[in-house]
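Colleague: So that we are looking at the same thing, I have put the structure below in structure tokens.
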There are 2 protein chains.
Amino acid sequence: MSPAPLDQPPSAEELGRLLAEAKSRYSAAEAAALAQGAAAAPPAEDAGAWIRLIAPNPTPELAAALNRLKQSAAAVIARGRAVPVAERLARLRAELGRRALAGFVVPRADEHQGEYVPLRAERLAWVSGFTGSAGLVIVLQDRAVIFVDGRYTVQVRAETDPALFEYRHLIEEPPPDWIAETLKPGDRLGYDPWLHTPDQVKALARGAEKAGAGLIACAPSPLDQVWGEQPPHPLAPVVPHPERHAGRASADKRREVGSAVAKAGADAAVLTQPDAIAWLLNIRGADVPHTPLPLSFAILEADGRAKLFIDPRKLAPETRAHLGNEVAIEAPDALGPALDALGAGGAKVLADPSSAAAWIFDRLAAAKAKILSADDPTLLIKACKNEVEVEGARAAHRRDGASLTRFLAWIAREAPKGGLDELSAAEKLYQFRRGNALFQDLSFGSISAAGPNGALPHYRSTPATNRKIEPGTLYLIDSGGQYLDATTDVTRTVAIGEPTAEMRDRFTRVLKGHIALALATFPAGTTGQQIDVIARLPLWQAGLDYDHGTGHGVGSFLSVHEGPQRISKAPNRIALKAGMIVSNEPGYYKPGAYGIRTENLVVVTKVVQPEGAERELLGFETLTLAPIDRTLIVREMLTAEERAWLDAYHARVRAELTPLVDAETAAWLAEVTRPI
Amino acid sequence: MSPAPLDQPPSAEELGRLLAEAKSRYSAAEAAALAQGAAAAPPAEDAGAWIRLIAPNPTPELAAALNRLKQSAAAVIARGRAVPVAERLARLRAELGRRALAGFVVPRADEHQGEYVPLRAERLAWVSGFTGSAGLVIVLQDRAVIFVDGRYTVQVRAETDPALFEYRHLIEEPPPDWIAETLKPGDRLGYDPWLHTPDQVKALARGAEKAGAGLIACAPSPLDQVWGEQPPHPLAPVVPHPERHAGRASADKRREVGSAVAKAGADAAVLTQPDAIAWLLNIRGADVPHTPLPLSFAILEADGRAKLFIDPRKLAPETRAHLGNEVAIEAPDALGPALDALGAGGAKVLADPSSAAAWIFDRLAAAKAKILSADDPTLLIKACKNEVEVEGARAAHRRDGASLTRFLAWIAREAPKGGLDELSAAEKLYQFRRGNALFQDLSFGSISAAGPNGALPHYRSTPATNRKIEPGTLYLIDSGGQYLDATTDVTRTVAIGEPTAEMRDRFTRVLKGHIALALATFPAGTTGQQIDVIARLPLWQAGLDYDHGTGHGVGSFLSVHEGPQRISKAPNRIALKAGMIVSNEPGYYKPGAYGIRTENLVVVTKVVQPEGAERELLGFETLTLAPIDRTLIVREMLTAEERAWLDAYHARVRAELTPLVDAETAAWLAEVTRPI
């Protein structure tokens with residue numbers, strides 16, 4: 001019997017035989033469904049992990065057969081992409097017509113309102129072709145509009161057809177205004193209540209109301225109904241996150257958060273954020289790119305017991321035992337009935353209106369549950385990393401810093417020769433990183449930006465935009481890794497060849513802001529909003545600024561953007577607390593010319609109290625370790641205190657990283673970290 | 001015929017004769033009513049102004065007779081104060097019983113939600129005895145509770161009877177929580193809809209709802225009904241504010257604000273803030289202490305025409321002509337019918353829910369007007385002072401600074417001899433100030449604080465708290481004046497004798513923060529919330545801080561606390577704009593020992609753009625002129641830039657004030673303003 005060709009999926013008969021041989025509990029049909037789910041998850045570093053969900057010890061033949069099945073499922077998904085957008089719109093409009101809907105709202109969101117979404121939730125891309133990370137489409141019968149923010153005004157025009165879409169600014173021309181101006185009295189505008197928070201629904205409803213129209217919750221979603229090739233829910237393995245990295249047992253966390261729920265006056269909390277659930281239960285998954293999320297929902301009782309609503313096929317064998325008997329595993333479809341039961345039992349239920357889907361609130365209200373709208377009760381506890389997590393972050397940053405330093409040394413050596421470009425550089429850095437112990441994934445798609453591309457703070461290089469890294473320019477690399485013991489995020493900007501005086505002036509001002517924040521001490525109770533300005537003052541003095549926040553929170557082997565704290569002028573009442581990890585990343589961007597950003601992660605720590613201190617002082621310990629390009633620094637612009645910070649930082653970088661890098665890199669590192 | 005004794009009011013017959021003789025248009029009874037209104041207004045610098053409302057050219061006999069009438073009315077008001085609080089409560093409770101109310105809410109507010117209120121609105125003091133500037137009482141049949149904030153926890157216990165009142169913290173134990181815990185199902189809790197904003201009513205209603213009780217709008221107020229000796233509405237003269245001080249004609253302002261109302265989508269705006277009306281119509285009054293407010297309401301149409309609802313007896317003869325024929329004068333009682341007419345006409349009406357009384361919204365809603373809840377449309381335009389106002393501020397600050405400098409020289413000379421105390425010092429400063437051209441009033445009751453009293457940021461000296469100004473202590477004086485061309489507010493802290501090293505360290509840190517803010521430049525669009533921290537950093541470095549904002553807005557011959565801008569960590573989205581006047585007043589307070597505050601007023605100005613600047617930069621011009629105590633400065637703690645600021649400031653103070661002070665003060669000024 002000759003083996004099936006590589007791209008040909010195995011027959012059911014053959015697969016059944018291989019599954020039985022490997023003692024799998026799944027039938028051929030069940031395994032095929034699992035392969036489809038695996039194809040709907042992002043590529044994994046450990047490409048065989050999903051196969052072990054089917055058979056812990058697969059034979060090579062079974063593994064090959066399953067991989068062919070997955071390739072076949074991926075091909076189906078890819079074929080769906082070939083359907084022209086005009087046809088997709090036509091399909092959707094026909095369905096809207098059948099439902100007597102004047103239009104339908106398509107946000108860029110999944111059921112968890114996450115930043116990274118699975119392939120299945122790429123509805124905005126399906127309906128429009130636009131692949132950015134934020135936006136919204138409203139499809140009416142005779143017209144359609146796409147809203148994007150300032151980051152995407154160019155990209156949206158490149159990716160979508162102006163014959164099919166009008167363009168609007170998401171922030172300056174908000175969708176509710178367009179709805180108010182465009183809909184006609186009596187129109188029914190549909191939305192998927194799984195994809196909007198209650199606040200978002202309220203804003204859309206106000207717009208519709210002004211037009212005399214109605215906003216209609218649509219379940220099932222008309223879009224999902226006509227998206228023939230919609231990928232299934234991703235099925236990536238969910239594994240225990242061991243206590244040696246998590247620092248605390250799940251039971252302990254569940255008890256503390258349960259007490260907080262009780263203190264808030266509720267009997268239970270609905271958790272809809274996969275990172276909250278991952279943290280609470282000490283589990284990790286791989287359902288979306290770059291963030292180890294197990295897409296799932298949970299209900300936490302005040303006594304610390306929990307129900308986890310998750311596809312049980314995702315659970316690695318050891319995960320059930322790890323979750324223990326205080327965590328009941330239920331199918332995703334059981335969430336609705338569980339909410340109904342809470343209502344029937346007269347329970348008061350906490351849910352977070354800033355992140356939970358309107359569907360959750362609607363269902364709770366229909367079940368006559370008493371709803372307590374409040375912040376997700378895990379938010380603040382999760383944000384304050386425990387000692388094990390902080391120690392893990394220090395260790396991960398040493399490994400990550402060694403990789404980045406090898407990369408920077410390589411760039412310094414190779415770039416002047418010419419021939420490097422953004423994509424090849426990013427790939428090189430990825431290869432350095434993935435050799436690290438405990439490395440799991442990048443924490444986001446690297447921003448590898450040469451010359452003028454650096455002026456776009458959210459730039460992502462593509463084959464179409466890929467630039468050479470050329471002498472006389474700046475190269476900006478913003479990247480990070482997911483390690484079992486931490487999540488990293490670091491930006492360095494380096495001069496390729498000789499920088500201009502202006503570049504050096506700007507770089508030095510950004511650095512002065514970075515150092516001022518790194519050195520800041522502040523009383524307990526201070527918010528990130530209060531101290532954002534500290535990093536901007538040196539730029540302000542020259543009439544310059546940057547149009548993004550100074551820092552975001554970072555998870556512990558979780559989301560690279562994690563709340564509730566941040567350092568930004570945007571309203572935020574969350575005080576910085578010991579253990580919180582945030583980025584320190586001022587920048588400067590000259591459109592069409594270059595961009596500068598210097599980003600380290602820092603952890604909030606208690607500092608030695610000065611004599612006579614009356615307030616408990618906090619400060620920052622810098623976690624990130626990598627040299628800052630001295631050739632871009634104007635020494636005379638630094639104060640003695642700033643020079644002392646820089647020299648001490650570089651001495652620490654050298655001391656900690658030298659043992660971890662090759663001799664050539666070590667020699668380079670010694671050179672670039674000498675005192676300024 | 002012998003004259004009536006001084007304290008004896010004139011007979012109606014005698015008064016009638018004197019009025020006729022002076023060609024007054026008022027009868028004796030009408031003049032008596034006016035005298036009662038004058039007695040209900042605060043004392044005026046120009047004690048005869050109210051008499052000229054009755055007769056522009058009064059004979060000395062008429063003036064004396066009217067003054068006796070006013071004294072008699074004041075005596076009635078004073079007698080009301082002698083009624084024991086227990087009896088007042090009993091009267092109120094009896095009325096509540098008649099109305100089947102379980103309780104009644106008494107805030108510290110007038111119908112305009114103002115900071116300074118007329119005698120008539122001192123309902124909180126009437127019902128409790130508490131005279132602080134913020135608080136709230138809830139009277140039930142069997143108990144009563146008084147809520148005050150942290151400033152007043154001592155004072156409230158000194159002024160009220162614990163047998164009659166329970167004490168609660170206004171912020172930490174908010175009244176709605178108490179209502180929720182205390183009321184019984186079915187209880188009816190009354191409130192006066194004139195004394196609360198809609199948002200405040202909502203919060204009270206939520207509390208009542210939790211208890212299963214109801215919140216009942218009471219008109220007329222049961223309290224006003226039983227307060228037998230309640231002073232009448234104040235009747236102080238309303239005079240034109242000339243364009244040479246206002247800088248713009250009222251018609252011009254009305255046109256601009258009217259356009260803003262139209263742009264916001266409304267046909268008219270209800271103005272309930274007397275300072276907004278005073279600014280818009282270029283008028284000033286004297287109905288409350290220290291702020292030249294004409295208590296009144298107004299409706300501004302989108303075309304710039306206005307209706308002013310005001311007691312016409314308050315209008316000085318020239319004021320009617322000044323207001324012109326685009327401003328209709330109507331009686332205060334005509335406001336309700338005017339709102340009804342707006343509703344009947346289908347108008348869309350703008351009202352500010354943060355400052356307008358709930359009564360306004362209720363009436364508009366009952367009249368089926370379309371309500372647009374938005375900021376008072378004068379707020380931002382009024383806040384940005386025009387060139388004439390800024391020039392007026394510069395001039396007023398020279399005169400005011402000269403007075404303060406004479407005072408500081410006097411303190412420096414006299415205090416070491418002993419014998420000075422807080423009250424006599426404040427009186428001395430008042431005497432210096434009132435000699436100034438264009439002086440009208442103090443802009444607030446001076447904070448004259450010796451030694452440990454300085455540690456109370458909101459301290460007001462009374463005969464009971466009055467302290468001697470003694471060697472080895474700090475003396476803090478926070479004071480200001482109302483001039484026709486500006487409102488001033490300044491704080492200086494001076495050492496009496498030899499200060500301690502700690503005092504000098506703290507004073508220098510406060511000064512460093514003050515200078516850092518004075519020197520700050522920031523891009524257009526920056527809010528005061530963003531830059532508040534700049535003044536705190538030198539204190540934070542030592543583990544110190546102050547628990548108040550860094551700066552408040554200031555009016556132009558109007559409120560010494562004027563929004564919408566401020567410099568504070570409290571949420572505030574208002575960008576600082578050229579022409580806005582704010583205070584720069586960091587401080588440090590050591591309870592039981594001393595307090596430090598250095599306050600100058602500054603005006604936001606466009607600064608010279610640095611070469612290469614990409615953002616429009618703003619900064620501050622310091623208006624206040626008075627020496628800063630060099631004996632409290634540790635020179636070595638200042639940077640070269642800080643020393644340069646201080647020396648330049650002192651040189652400017654010396655140059656501008658020397659021509660305005662006596663030789664002795666000039667000699668002292670030369671000494672204390674020499675370079676550090």
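Convention: chains lettered A, B, ... in structure tokens order; per-chain residue numbering from 1; ligands numbered from 1 as shown.
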Could you pull out the helix (DSSP H, G or I) residues of stretch 491-617 of chain A from DSSP and send them as a ChimeraX atom specification?

Modeller: /A:501-519,528-535,537-540

Colleague: Can you write out the residues you just picked, keeping N, CA and C atoms, as a compact mmCIF listing (two decimals), in the first residue's frame?

Modeller:
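The resulting file, result_30.txt, is reproduced below:
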# COMPACT_ATOMS: atom_id res chain seq x y z
N ALA A 501 22.75 65.39 13.22
CA ALA A 501 22.69 66.09 14.51
C ALA A 501 21.26 66.11 15.03
N GLU A 502 20.30 66.26 14.12
CA GLU A 502 18.90 66.28 14.56
C GLU A 502 18.50 64.94 15.14
N MET A 503 18.88 63.86 14.49
CA MET A 503 18.57 62.53 15.03
C MET A 503 19.13 62.37 16.43
N ARG A 504 20.36 62.83 16.61
CA ARG A 504 21.01 62.67 17.93
C ARG A 504 20.31 63.55 18.98
N ASP A 505 19.93 64.76 18.59
CA ASP A 505 19.19 65.62 19.52
C ASP A 505 17.89 64.95 19.94
N ARG A 506 17.14 64.46 18.96
CA ARG A 506 15.84 63.84 19.27
C ARG A 506 16.02 62.58 20.12
N PHE A 507 16.99 61.77 19.73
CA PHE A 507 17.22 60.53 20.47
C PHE A 507 17.56 60.84 21.93
N THR A 508 18.39 61.87 22.11
CA THR A 508 18.83 62.22 23.47
C THR A 508 17.64 62.73 24.30
N ARG A 509 16.75 63.50 23.67
CA ARG A 509 15.57 63.97 24.40
C ARG A 509 14.66 62.81 24.81
N VAL A 510 14.48 61.86 23.88
CA VAL A 510 13.68 60.68 24.22
C VAL A 510 14.33 59.94 25.39
N LEU A 511 15.66 59.81 25.32
CA LEU A 511 16.38 59.11 26.38
C LEU A 511 16.25 59.84 27.72
N LYS A 512 16.33 61.17 27.68
CA LYS A 512 16.19 61.94 28.93
C LYS A 512 14.81 61.67 29.56
N GLY A 513 13.79 61.61 28.73
CA GLY A 513 12.45 61.30 29.24
C GLY A 513 12.39 59.89 29.82
N HIS A 514 13.01 58.97 29.09
CA HIS A 514 13.04 57.58 29.56
C HIS A 514 13.74 57.49 30.92
N ILE A 515 14.86 58.16 31.03
CA ILE A 515 15.62 58.12 32.29
C ILE A 515 14.84 58.80 33.42
N ALA A 516 14.20 59.94 33.10
CA ALA A 516 13.44 60.65 34.14
C ALA A 516 12.36 59.75 34.73
N LEU A 517 11.71 58.98 33.86
CA LEU A 517 10.66 58.08 34.36
C LEU A 517 11.28 56.93 35.14
N ALA A 518 12.40 56.41 34.63
CA ALA A 518 13.06 55.30 35.32
C ALA A 518 13.50 55.71 36.72
N LEU A 519 13.89 56.97 36.87
CA LEU A 519 14.38 57.46 38.17
C LEU A 519 13.27 57.98 39.07
N GLY A 528 -0.61 56.12 36.88
CA GLY A 528 0.24 56.27 35.69
C GLY A 528 -0.13 57.52 34.91
N GLN A 529 -1.38 57.91 35.02
CA GLN A 529 -1.80 59.14 34.33
C GLN A 529 -1.03 60.34 34.87
N GLN A 530 -0.79 60.35 36.19
CA GLN A 530 -0.11 61.50 36.78
C GLN A 530 1.33 61.64 36.29
N ILE A 531 2.00 60.52 36.07
CA ILE A 531 3.45 60.61 35.81
C ILE A 531 3.81 60.54 34.33
N ASP A 532 2.81 60.36 33.48
CA ASP A 532 3.06 60.29 32.03
C ASP A 532 3.92 61.45 31.55
N VAL A 533 3.65 62.63 32.07
CA VAL A 533 4.29 63.85 31.57
C VAL A 533 5.80 63.85 31.81
N ILE A 534 6.23 63.13 32.83
CA ILE A 534 7.65 63.14 33.19
C ILE A 534 8.52 62.76 31.99
N ALA A 535 8.02 61.80 31.20
CA ALA A 535 8.82 61.34 30.06
C ALA A 535 8.73 62.29 28.88
N LEU A 537 8.68 65.88 29.11
CA LEU A 537 9.18 67.24 29.31
C LEU A 537 10.38 67.59 28.44
N PRO A 538 11.37 66.69 28.29
CA PRO A 538 12.53 67.08 27.47
C PRO A 538 12.15 67.31 26.00
N LEU A 539 11.14 66.60 25.51
CA LEU A 539 10.67 66.84 24.14
C LEU A 539 9.88 68.14 24.08
N TRP A 540 9.01 68.34 25.07
CA TRP A 540 8.20 69.57 25.10
C TRP A 540 9.08 70.82 25.04

Colleague: May I have the residues of chain B within 6 Å of chain A, counting only C-alpha atoms, written as a ChimeraX atom specification?

Modeller: /B:522,540,542-544,610,613-615,617

Colleague: For a test of reading the model, state the distance in Å between atom CA of A:Asp275 and atom CA of A:Thr378, rounded to one decimal.

Modeller: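 Atom CA of A:Asp275 sits 9.7 Å away from atom CA of A:Thr378.
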
Colleague: Do you know which residues are at most 10 Å from B:Ser556 counting only C-alpha atoms, after dropping those on the same chain fewer than 5 positions away, and could you put them as a CSV table (one decimal) with N, CA and C atoms, in the first residue's frame?

Modeller:
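Ended up saving to out_20.csv:
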chain,number,residue,atom,x,y,z
B,245,HIS,N,-12.3,97.8,31.3
B,245,HIS,CA,-11.9,96.7,32.1
B,245,HIS,C,-12.3,95.4,31.5
B,246,ALA,N,-13.5,95.3,31.0
B,246,ALA,CA,-14.0,94.0,30.4
B,246,ALA,C,-13.3,93.7,29.1
B,275,ASP,N,-21.8,84.4,37.9
B,275,ASP,CA,-20.5,84.9,37.3
B,275,ASP,C,-20.5,84.8,35.8
B,279,TRP,N,-20.2,88.2,33.5
B,279,TRP,CA,-19.3,88.3,32.5
B,279,TRP,C,-19.9,88.6,31.1
B,382,LYS,N,-15.1,82.7,28.7
B,382,LYS,CA,-14.8,83.6,29.9
B,382,LYS,C,-13.5,83.3,30.4
B,383,ALA,N,-13.1,82.0,30.4
B,383,ALA,CA,-11.8,81.6,31.0
B,383,ALA,C,-10.6,82.1,30.3
B,384,CYS,N,-10.7,82.3,29.0
B,384,CYS,CA,-9.6,82.8,28.2
B,384,CYS,C,-9.7,84.3,28.2
B,385,LYS,N,-8.9,85.0,29.1
B,385,LYS,CA,-9.0,86.4,29.3
B,385,LYS,C,-8.5,87.1,28.0
B,386,ASN,N,-9.2,88.2,27.6
B,386,ASN,CA,-8.7,89.0,26.5
B,386,ASN,C,-7.6,89.9,26.9
B,389,GLU,N,-8.1,92.4,29.6
B,389,GLU,CA,-8.2,91.7,31.0
B,389,GLU,C,-6.8,91.3,31.4
B,390,VAL,N,-6.0,90.8,30.5
B,390,VAL,CA,-4.6,90.4,31.0
B,390,VAL,C,-3.8,91.6,31.3
B,392,GLY,N,-5.1,94.3,32.5
B,392,GLY,CA,-5.6,94.7,33.8
B,392,GLY,C,-5.1,93.9,34.9
B,393,ALA,N,-4.9,92.6,34.6
B,393,ALA,CA,-4.4,91.7,35.7
B,393,ALA,C,-2.9,92.1,36.0
B,482,GLN,N,-10.2,92.1,45.2
B,482,GLN,CA,-11.0,92.3,44.0
B,482,GLN,C,-10.8,93.7,43.5
B,483,TYR,N,-10.3,93.9,42.4
B,483,TYR,CA,-10.1,95.2,41.8
B,483,TYR,C,-11.0,95.3,40.5
B,484,LEU,N,-11.3,96.5,40.1
B,484,LEU,CA,-12.1,96.6,38.9
B,484,LEU,C,-11.4,96.0,37.7
B,485,ASP,N,-10.1,95.9,37.8
B,485,ASP,CA,-9.4,95.4,36.6
B,485,ASP,C,-8.8,94.0,36.8
B,486,ALA,N,-9.1,93.3,37.9
B,486,ALA,CA,-8.6,92.0,38.1
B,486,ALA,C,-8.9,91.4,39.5
B,487,THR,N,-8.8,90.2,39.6
B,487,THR,CA,-8.9,89.5,40.9
B,487,THR,C,-7.6,88.9,41.2
B,488,THR,N,-7.1,89.1,42.5
B,488,THR,CA,-5.8,88.6,42.8
B,488,THR,C,-5.9,87.5,43.9
B,562,GLU,N,-12.4,79.9,39.6
B,562,GLU,CA,-13.2,79.9,38.4
B,562,GLU,C,-12.8,78.7,37.5
B,581,ILE,N,-6.1,82.3,33.4
B,581,ILE,CA,-5.3,82.6,34.6
B,581,ILE,C,-5.5,81.5,35.6

Colleague: Quote the spacing between atom CA of A:Gly619 and atom CA of A:Thr605 in Å to one decimal place.

Modeller: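 Between atom CA of A:Gly619 and atom CA of A:Thr605 the gap works out to 5.4 Å.
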
Colleague: For A:Gly265, which residue among A:Leu204, A:Ala331, A:Ala236, A:Val349 is the nearest when counting only C-alpha atoms?

Modeller: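 When distances to A:Gly265 are compared using only C-alpha atoms, the smallest one comes from A:Val349.
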
Colleague: Just the residues within 8 Å of B:Pro332, please, counting only C-alpha atoms, with nothing from its chain fewer than 2 positions along; format it as a ChimeraX atom specification.

Modeller: /B:296-297,309-311,330,334-335

Colleague: I'd like the contact shell of B:Glu414 - 12 Å cut-off, only C-alpha atoms, skipping same-chain residues fewer than 2 positions apart - returned as a PDB file with N, CA and C atoms, in the first residue's frame.

Modeller:
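Resulting contents of out.pdb:
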ATOM      1  N   ARG B 406       4.476  95.980  51.244  1.00  0.00           N
ATOM      2  CA  ARG B 406       4.473  96.866  52.429  1.00  0.00           C
ATOM      3  C   ARG B 406       4.146  96.052  53.677  1.00  0.00           C
ATOM      4  N   PHE B 407       3.177  95.132  53.526  1.00  0.00           N
ATOM      5  CA  PHE B 407       2.785  94.285  54.652  1.00  0.00           C
ATOM      6  C   PHE B 407       3.947  93.385  55.089  1.00  0.00           C
ATOM      7  N   LEU B 408       4.607  92.760  54.120  1.00  0.00           N
ATOM      8  CA  LEU B 408       5.706  91.850  54.459  1.00  0.00           C
ATOM      9  C   LEU B 408       6.857  92.601  55.122  1.00  0.00           C
ATOM     10  N   ALA B 409       7.107  93.824  54.652  1.00  0.00           N
ATOM     11  CA  ALA B 409       8.149  94.649  55.276  1.00  0.00           C
ATOM     12  C   ALA B 409       7.754  94.989  56.719  1.00  0.00           C
ATOM     13  N   TRP B 410       6.475  95.273  56.891  1.00  0.00           N
ATOM     14  CA  TRP B 410       5.956  95.598  58.227  1.00  0.00           C
ATOM     15  C   TRP B 410       6.078  94.388  59.165  1.00  0.00           C
ATOM     16  N   ILE B 411       5.699  93.208  58.635  1.00  0.00           N
ATOM     17  CA  ILE B 411       5.823  91.978  59.429  1.00  0.00           C
ATOM     18  C   ILE B 411       7.284  91.756  59.817  1.00  0.00           C
ATOM     19  N   ALA B 412       8.183  91.932  58.829  1.00  0.00           N
ATOM     20  CA  ALA B 412       9.605  91.701  59.085  1.00  0.00           C
ATOM     21  C   ALA B 412      10.114  92.624  60.185  1.00  0.00           C
ATOM     22  N   PRO B 416       9.237  90.449  65.037  1.00  0.00           N
ATOM     23  CA  PRO B 416      10.234  90.056  66.045  1.00  0.00           C
ATOM     24  C   PRO B 416      10.027  90.751  67.385  1.00  0.00           C
ATOM     25  N   LYS B 417       9.359  91.908  67.381  1.00  0.00           N
ATOM     26  CA  LYS B 417       9.117  92.597  68.649  1.00  0.00           C
ATOM     27  C   LYS B 417       8.049  91.901  69.475  1.00  0.00           C
ATOM     28  N   GLY B 418       7.315  90.977  68.828  1.00  0.00           N
ATOM     29  CA  GLY B 418       6.204  90.312  69.519  1.00  0.00           C
ATOM     30  C   GLY B 418       4.966  91.183  69.477  1.00  0.00           C
ATOM     31  N   GLY B 419       3.826  90.595  69.822  1.00  0.00           N
ATOM     32  CA  GLY B 419       2.598  91.382  69.924  1.00  0.00           C
ATOM     33  C   GLY B 419       1.697  91.267  68.709  1.00  0.00           C
ATOM     34  N   LEU B 420       2.228  90.830  67.573  1.00  0.00           N
ATOM     35  CA  LEU B 420       1.346  90.642  66.417  1.00  0.00           C
ATOM     36  C   LEU B 420       0.600  89.320  66.549  1.00  0.00           C
ATOM     37  N   ASP B 421      -0.610  89.320  66.024  1.00  0.00           N
ATOM     38  CA  ASP B 421      -1.322  88.060  65.938  1.00  0.00           C
ATOM     39  C   ASP B 421      -2.006  87.957  64.574  1.00  0.00           C
ATOM     40  N   SER B 424      -4.852  90.657  63.786  1.00  0.00           N
ATOM     41  CA  SER B 424      -4.379  92.033  63.603  1.00  0.00           C
ATOM     42  C   SER B 424      -3.516  92.139  62.353  1.00  0.00           C
ATOM     43  N   ALA B 425      -2.777  91.088  62.033  1.00  0.00           N
ATOM     44  CA  ALA B 425      -1.962  91.106  60.811  1.00  0.00           C
ATOM     45  C   ALA B 425      -2.865  91.150  59.581  1.00  0.00           C
ATOM     46  N   LYS B 428      -4.219  94.520  59.119  1.00  0.00           N
ATOM     47  CA  LYS B 428      -3.215  95.451  58.597  1.00  0.00           C
ATOM     48  C   LYS B 428      -3.098  95.320  57.079  1.00  0.00           C
ATOM     49  N   ILE B 469       1.996  85.731  66.498  1.00  0.00           N
ATOM     50  CA  ILE B 469       3.043  85.454  65.510  1.00  0.00           C
ATOM     51  C   ILE B 469       4.373  85.504  66.241  1.00  0.00           C
ATOM     52  N   GLU B 470       4.966  84.331  66.458  1.00  0.00           N
ATOM     53  CA  GLU B 470       6.097  84.239  67.389  1.00  0.00           C
ATOM     54  C   GLU B 470       7.403  83.851  66.712  1.00  0.00           C
ATOM     55  N   PRO B 471       8.527  84.299  67.268  1.00  0.00           N
ATOM     56  CA  PRO B 471       9.840  83.931  66.725  1.00  0.00           C
ATOM     57  C   PRO B 471      10.012  82.408  66.690  1.00  0.00           C
ATOM     58  N   ILE B 496       9.626  83.834  60.901  1.00  0.00           N
ATOM     59  CA  ILE B 496       9.709  84.806  61.993  1.00  0.00           C
ATOM     60  C   ILE B 496      10.921  84.390  62.816  1.00  0.00           C
ATOM     61  N   GLY B 497      11.975  85.186  62.773  1.00  0.00           N
ATOM     62  CA  GLY B 497      13.220  84.786  63.430  1.00  0.00           C
ATOM     63  C   GLY B 497      13.913  83.693  62.637  1.00  0.00           C
TER      64      GLY B 497
END

Colleague: Go through B:Ser448, B:Thr131, B:Thr319, B:Gln230 one by one, measure the shortest atom-to-atom distance of each to B:Arg88 using only C-alpha atoms, and give the residue with the smallest value.

Modeller: B:Gln230

Colleague: What is the atom CA of B:Val154 to atom CA of B:Gly551 distance in Å?

Modeller: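 Taking atom CA of B:Val154 as the start and atom CA of B:Gly551 as the end point, the length is 25.8 Å.
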